[in-house]
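Chemist: Sharing my_file12.cif below, mmCIF, C-alpha atoms:
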data_start
#
loop_
_atom_site.label_atom_id
_atom_site.label_comp_id
_atom_site.auth_asym_id
_atom_site.auth_seq_id
_atom_site.Cartn_x
_atom_site.Cartn_y
_atom_site.Cartn_z
CA MET A 1 94.26 121.32 119.92
CA SER A 2 91.21 121.21 122.20
CA SER A 3 91.57 121.28 125.96
CA GLU A 4 90.46 117.65 126.10
CA ARG A 5 93.21 115.09 126.09
CA PRO A 6 93.26 112.71 123.15
CA LEU A 7 93.06 108.99 123.72
CA LEU A 8 96.17 107.37 122.23
CA ILE A 9 96.15 103.66 121.50
CA THR A 10 98.81 101.56 119.85
CA MET A 11 98.07 99.18 117.03
CA GLY A 12 99.98 96.44 118.82
CA ASP A 13 102.17 93.88 117.08
CA PRO A 14 102.10 94.58 113.33
CA ALA A 15 102.10 90.81 112.68
CA GLY A 16 99.40 90.15 115.28
CA ILE A 17 95.66 90.79 115.53
CA GLY A 18 96.00 94.34 116.86
CA PRO A 19 95.68 96.15 113.52
CA GLU A 20 92.47 94.27 112.65
CA ILE A 21 90.97 94.93 116.08
CA ILE A 22 91.75 98.65 115.74
CA VAL A 23 90.16 98.82 112.28
CA LYS A 24 87.06 96.97 113.47
CA ALA A 25 86.75 99.32 116.47
CA PHE A 26 86.85 102.38 114.21
CA ALA A 27 84.32 100.78 111.85
CA ALA A 28 81.94 99.99 114.71
CA ARG A 29 81.71 103.48 116.21
CA ASP A 30 82.69 107.11 116.00
CA LEU A 31 85.84 107.56 118.08
CA PRO A 32 86.52 111.32 118.03
CA GLY A 33 89.69 112.29 119.84
CA THR A 34 91.11 108.79 119.53
CA VAL A 35 94.46 108.48 117.79
CA VAL A 36 96.14 105.24 116.80
CA VAL A 37 99.91 105.21 117.09
CA GLY A 38 101.41 102.81 114.61
CA ASP A 39 102.32 102.12 111.03
CA ALA A 40 99.71 103.57 108.65
CA GLY A 41 100.67 101.06 105.96
CA VAL A 42 100.01 98.10 108.23
CA LEU A 43 96.68 99.58 109.32
CA GLN A 44 95.71 100.27 105.70
CA THR A 45 96.53 96.68 104.76
CA ALA A 46 94.29 95.44 107.58
CA ALA A 47 91.51 97.86 106.55
CA THR A 48 91.69 96.76 102.92
CA ARG A 49 91.70 93.07 103.82
CA LEU A 50 88.68 93.49 106.12
CA ALA A 51 86.76 95.54 103.53
CA GLN A 52 87.38 92.78 100.96
CA GLN A 53 85.88 90.33 103.45
CA GLY A 54 82.71 92.43 103.69
CA HIS A 55 83.46 94.50 106.79
CA THR A 56 82.79 98.24 106.87
CA ALA A 57 85.47 100.17 104.96
CA VAL A 58 87.62 102.47 107.08
CA GLU A 59 89.90 105.21 105.79
CA VAL A 60 93.38 105.27 107.34
CA VAL A 61 94.84 108.76 107.55
CA SER A 62 98.46 109.47 108.42
CA ALA A 63 99.28 112.64 110.34
CA PRO A 64 102.65 114.37 110.84
CA SER A 65 101.91 115.46 114.42
CA LEU A 66 99.66 114.68 117.39
CA GLU A 67 97.85 117.99 116.94
CA GLU A 68 97.05 117.16 113.32
CA ALA A 69 96.00 113.61 114.25
CA VAL A 70 93.56 114.91 116.86
CA ARG A 71 92.20 117.46 114.40
CA LEU A 72 91.57 114.73 111.84
CA SER A 73 90.19 112.20 114.32
CA PRO A 74 86.53 113.33 114.29
CA ALA A 75 86.56 112.89 110.52
CA ALA A 76 87.95 109.37 110.84
CA LYS A 77 84.56 107.69 110.69
CA PRO A 78 83.52 104.61 108.75
CA MET A 79 83.08 105.41 105.08
CA LYS A 80 79.51 105.03 103.77
#
Show the structure stored in the file as structure tokens.
Modeler:
Amino acid sequence: MSSERPLLITMGDPAGIGPEIIVKAFAARDLPGTVVVGDAGVLQTAATRLAQQGHTAVEVVSAPSLEEAVRLSPAAKPMK
């Protein structure tokens, strides 16, 4: 892991607006070093629903550890 500290954010209430806000934030900009802590299935559902509504598609990637999540984070950009 790099010497920089990752930014960890939670997805919020799975039944609330948090997952959609997180997906939209990742679609709007490159957030290297930012890791979302939450249920990947819930985030994928939000990403799929938003993509079907015409928003930028975002790939949700699950990681087994914080180190792996930080390593993958720079690659977690909006899909073209």
Chemist: Take the PyMOL selection byres ((chain A and resi 13) around 12), apply it to the structure above, and return the hits as a list in words.
Modeler: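 What the PyMOL selection byres ((chain A and resi 13) around 12) grabs from the file is Thr10, Met11, Gly12, Pro14, Ala15, Gly16, Ile17, Gly18, Pro19, Glu20, Ile21, Ile22, Val37, Gly38, Asp39, Val42 and Leu43 of chain A.
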Chemist: With only C-alpha atoms as the counted atoms, please give the residues lying no more than 7 Å from Val70 of chain A, apart from itself and same-chain residues fewer than 3 positions off, as a PDB file with C-alpha atoms, keeping the file's coordinate frame.
Modeler:
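Generated output (around-v6.pdb):
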ATOM      1  CA  PRO A   6      93.260 112.710 123.150  1.00  0.00           C
ATOM      2  CA  GLY A  33      89.690 112.290 119.840  1.00  0.00           C
ATOM      3  CA  VAL A  35      94.460 108.480 117.790  1.00  0.00           C
ATOM      4  CA  LEU A  66      99.660 114.680 117.390  1.00  0.00           C
ATOM      5  CA  GLU A  67      97.850 117.990 116.940  1.00  0.00           C
ATOM      6  CA  SER A  73      90.190 112.200 114.320  1.00  0.00           C
TER       7      SER A  73
END
Chemist: Would you compute the distance between atom CA of Gly41 of chain A and atom CA of Leu7 of chain A? Give it in Å to one decimal.
Modeler: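 Rounded to one decimal, the two atoms are 20.9 Å apart.
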Chemist: Please report the interatomic distance between atom CA of Ala27 of chain A and atom CA of Val60 of chain A in Å with one decimal.
Modeler: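 Distance reported for this atom pair: 11.1 Å.
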Chemist: Please indicate the distance in Å from atom CA of Ile9 of chain A to atom CA of Val36 of chain A, rounded to one decimal place.
Modeler: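 Answer for the atom CA of Ile9 of chain A to atom CA of Val36 of chain A separation: 5.0 Å.
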Chemist: Given only C-alpha atoms as the basis, pick out the residue of A:Leu8, A:Leu72, A:Val23, A:Ala63 nearest to Ala46 of chain A.
Modeler: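 Looking at the shortest contact to Ala46 of chain A, the residue is A:Val23.
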